[in-house]
Amino acid sequence: PLIAKMEQARGSRVVCIIHQAGMESNSVDTVTAEDVLTALQSTPADKPLDIILHTPGGYSYQAHQIALAVKAHRGRKTVFVPYFAMSGGTIISLAADEIVMAPHAVIGPIDSQFPVFHLRRMMPSRAVLDLVNTKPSSRINDELVELGIECKRSVPQDHKGAVALMKGTYSQAVADRVVHTLNDGTLTHGFPVTLSHARKLGLNVSGSLPPEATDIVRAYR
């Protein structure tokens, strides 16, 4: 009923990307991609699309796949963030015409994170590159050397992909500034980008979040 109410009020198709512990997916993954692509395929091409995002992020590959499909939709695209849409969620947001956030909601940096198995942790691509570029090669684990090669490709590749998602909605200068800040190592991966910060970056954001968006997320708990 909540989704139907929002669709009726806005004349849109509502698609939910909501991740909670205990659900089939608790981050952006292949299941999320399959579900969202299926929903988009059944949505009339010119119908406004409202995406409710509540996610800590997930796999970059699937986030970009979803974002490309959102970008290709001809109707107006709005993303609603009642609480948080980090990492892969932010990538999806960049494909929208507008991002609508609650007063204290956040999005975040989109730089790729890579598993470093011998350290048993994830490391951001820029941190790996800084390590490889500053530490003597004789003291660098082979895994990090190989990872450094991958990250050297990843940073410009991710930058180019994110800028492409913003094409037509943002100027090239604004897109480059936003993506440089969110992708190229200016911020730590967990930095919370608030509504006011997003505005300063130049993103098309507003704070007029309809109550139905929050109610829908809460209904999944």
# chains A, B, ... in the order shown; residues from 1 in each chain; ligands from 1

call {"tool": "closest_atom_pairs", "arguments": {"of": "stretch 26-82 of chain A", "to": "stretch 112-118 of chain A", "cutoff": "10 Å", "atoms": "only C-alpha atoms", "output": "CSV"}}
result
residue,atom,partner,partner_atom,distance
A:Gly58,CA,A:Gln113,CA,9.7
A:Tyr59,CA,A:Ser112,CA,8.8
A:Ser60,CA,A:Ser112,CA,6.8
A:Tyr61,CA,A:Ser112,CA,9.9

call {"tool": "select_by_dssp", "arguments": {"residues": "stretch 66-175 of chain A", "states": "alpha helix (DSSP H)", "output": "VMD selection string"}}
result
chain A and resid 66 to 72 88 to 93 125 to 134 142 to 166 172 to 175

call {"tool": "select_by_dssp", "arguments": {"residues": "stretch 110-151 of chain A", "states": "strand (DSSP E or B)", "output": "list of chain:residue names"}}
result
A:Gln113, A:Phe114, A:Pro115, A:Val116, A:Arg121, A:Met122, A:Met123, A:Pro124

call {"tool": "residues_around", "arguments": {"residues": "A:Cys16", "least_positions_apart": "4", "cutoff": "10 Å", "atoms": "only C-alpha atoms", "output": "list of chain:residue names"}}
result
A:Ile3, A:Thr32, A:Asp35, A:Val36, A:Ala39, A:Asp50, A:Ile51, A:Ile52, A:Leu53, A:His54, A:Val79, A:Phe80, A:Ala213, A:Ile216, A:Val217

call {"tool": "write_last_selection", "arguments": {"atoms": "N, CA, C and O atoms", "output": "PDB file, in the first residue's frame"}}
result
ATOM      1  N   ILE A   3       3.903   1.711  -1.304  1.00  0.00           N
ATOM      2  CA  ILE A   3       4.480   1.916  -2.634  1.00  0.00           C
ATOM      3  C   ILE A   3       3.405   2.409  -3.600  1.00  0.00           C
ATOM      4  O   ILE A   3       3.628   3.345  -4.371  1.00  0.00           O
ATOM      5  N   THR A  32      20.572  -8.373  -6.289  1.00  0.00           N
ATOM      6  CA  THR A  32      20.050  -7.007  -6.409  1.00  0.00           C
ATOM      7  C   THR A  32      19.989  -6.588  -7.872  1.00  0.00           C
ATOM      8  O   THR A  32      18.986  -6.014  -8.325  1.00  0.00           O
ATOM      9  N   ASP A  35      17.117  -8.322  -9.721  1.00  0.00           N
ATOM     10  CA  ASP A  35      15.807  -7.804  -9.330  1.00  0.00           C
ATOM     11  C   ASP A  35      15.545  -6.418  -9.917  1.00  0.00           C
ATOM     12  O   ASP A  35      14.452  -6.131 -10.415  1.00  0.00           O
ATOM     13  N   VAL A  36      16.555  -5.545  -9.856  1.00  0.00           N
ATOM     14  CA  VAL A  36      16.367  -4.175 -10.351  1.00  0.00           C
ATOM     15  C   VAL A  36      16.233  -4.165 -11.873  1.00  0.00           C
ATOM     16  O   VAL A  36      15.361  -3.479 -12.433  1.00  0.00           O
ATOM     17  N   ALA A  39      12.801  -5.252 -12.809  1.00  0.00           N
ATOM     18  CA  ALA A  39      11.823  -4.189 -12.550  1.00  0.00           C
ATOM     19  C   ALA A  39      11.881  -3.110 -13.621  1.00  0.00           C
ATOM     20  O   ALA A  39      10.849  -2.611 -14.087  1.00  0.00           O
ATOM     21  N   ASP A  50      11.164   6.352  -9.719  1.00  0.00           N
ATOM     22  CA  ASP A  50      11.561   6.740  -8.366  1.00  0.00           C
ATOM     23  C   ASP A  50      12.261   5.553  -7.712  1.00  0.00           C
ATOM     24  O   ASP A  50      11.667   4.476  -7.563  1.00  0.00           O
ATOM     25  N   ILE A  51      13.508   5.747  -7.334  1.00  0.00           N
ATOM     26  CA  ILE A  51      14.288   4.668  -6.729  1.00  0.00           C
ATOM     27  C   ILE A  51      14.525   4.994  -5.262  1.00  0.00           C
ATOM     28  O   ILE A  51      15.133   6.020  -4.931  1.00  0.00           O
ATOM     29  N   ILE A  52      14.045   4.132  -4.391  1.00  0.00           N
ATOM     30  CA  ILE A  52      14.288   4.304  -2.960  1.00  0.00           C
ATOM     31  C   ILE A  52      15.538   3.515  -2.607  1.00  0.00           C
ATOM     32  O   ILE A  52      15.585   2.294  -2.772  1.00  0.00           O
ATOM     33  N   LEU A  53      16.554   4.225  -2.148  1.00  0.00           N
ATOM     34  CA  LEU A  53      17.864   3.618  -1.882  1.00  0.00           C
ATOM     35  C   LEU A  53      18.155   3.586  -0.386  1.00  0.00           C
ATOM     36  O   LEU A  53      18.110   4.615   0.287  1.00  0.00           O
ATOM     37  N   HIS A  54      18.463   2.390   0.088  1.00  0.00           N
ATOM     38  CA  HIS A  54      18.855   2.230   1.491  1.00  0.00           C
ATOM     39  C   HIS A  54      19.870   1.086   1.518  1.00  0.00           C
ATOM     40  O   HIS A  54      19.515  -0.083   1.611  1.00  0.00           O
ATOM     41  N   VAL A  79      16.205   9.622  -7.213  1.00  0.00           N
ATOM     42  CA  VAL A  79      16.648   8.717  -6.153  1.00  0.00           C
ATOM     43  C   VAL A  79      16.281   9.334  -4.813  1.00  0.00           C
ATOM     44  O   VAL A  79      16.509  10.524  -4.577  1.00  0.00           O
ATOM     45  N   PHE A  80      15.720   8.522  -3.913  1.00  0.00           N
ATOM     46  CA  PHE A  80      15.341   8.974  -2.580  1.00  0.00           C
ATOM     47  C   PHE A  80      16.205   8.259  -1.540  1.00  0.00           C
ATOM     48  O   PHE A  80      16.307   7.024  -1.555  1.00  0.00           O
ATOM     49  N   ALA A 213       8.709   7.581   1.444  1.00  0.00           N
ATOM     50  CA  ALA A 213      10.011   6.954   1.199  1.00  0.00           C
ATOM     51  C   ALA A 213      10.587   6.383   2.491  1.00  0.00           C
ATOM     52  O   ALA A 213      11.099   5.258   2.518  1.00  0.00           O
ATOM     53  N   ILE A 216       8.444   3.354   3.663  1.00  0.00           N
ATOM     54  CA  ILE A 216       8.708   2.132   2.897  1.00  0.00           C
ATOM     55  C   ILE A 216       9.954   1.422   3.432  1.00  0.00           C
ATOM     56  O   ILE A 216       9.968   0.205   3.622  1.00  0.00           O
ATOM     57  N   VAL A 217      11.015   2.180   3.707  1.00  0.00           N
ATOM     58  CA  VAL A 217      12.224   1.578   4.248  1.00  0.00           C
ATOM     59  C   VAL A 217      11.940   0.951   5.611  1.00  0.00           C
ATOM     60  O   VAL A 217      12.357  -0.182   5.894  1.00  0.00           O
TER      61      VAL A 217
END

call {"tool": "closest_residue", "arguments": {"among": "A:Val15, A:Ala72, A:Ala33, A:Thr186", "to": "A:Lys167", "atoms": "only C-alpha atoms"}}
result
A:Ala72

call {"tool": "closest_residue", "arguments": {"among": "A:Ile92, A:Ile110, A:Val132, A:Met122", "to": "A:Met166", "atoms": "only C-alpha atoms"}}
result
A:Ile92

call {"tool": "atom_distance", "arguments": {"atom1": "atom CA of A:Ala162", "atom2": "atom CA of A:Val70"}}
result
13.0 Å

call {"tool": "atom_distance", "arguments": {"atom1": "atom CA of A:Arg199", "atom2": "atom CA of A:Asp111"}}
result
19.8 Å

call {"tool": "residues_around", "arguments": {"residues": "A:Asp158", "least_positions_apart": "5", "cutoff": "12 Å", "atoms": "only C-alpha atoms", "output": "list of chain:residue names"}}
result
A:Ser60, A:Tyr61, A:Ala63, A:His64, A:Gly88, A:Ile91, A:Pro109, A:Ile110, A:Asp111, A:Ser112, A:Gln113, A:Ser125, A:Arg126, A:Glu150, A:Cys151, A:Lys152, A:Arg153, A:Val163, A:Ala164, A:Leu165, A:Asp176, A:Val179, A:His180, A:Leu182, A:Asn183, A:Asp184, A:Gly185

call {"tool": "closest_atom_pairs", "arguments": {"of": "stretch 45-112 of chain A", "to": "stretch 24-27 of chain A", "cutoff": "7 Å", "atoms": "only C-alpha atoms", "output": "JSON lines"}}
result
{"residue": "A:Thr55", "atom": "CA", "partner": "A:Ser27", "partner_atom": "CA", "distance": 6.2}
{"residue": "A:Pro56", "atom": "CA", "partner": "A:Ser27", "partner_atom": "CA", "distance": 6.3}
{"residue": "A:Gly57", "atom": "CA", "partner": "A:Ser27", "partner_atom": "CA", "distance": 5.6}
{"residue": "A:Gly58", "atom": "CA", "partner": "A:Ser27", "partner_atom": "CA", "distance": 4.9}
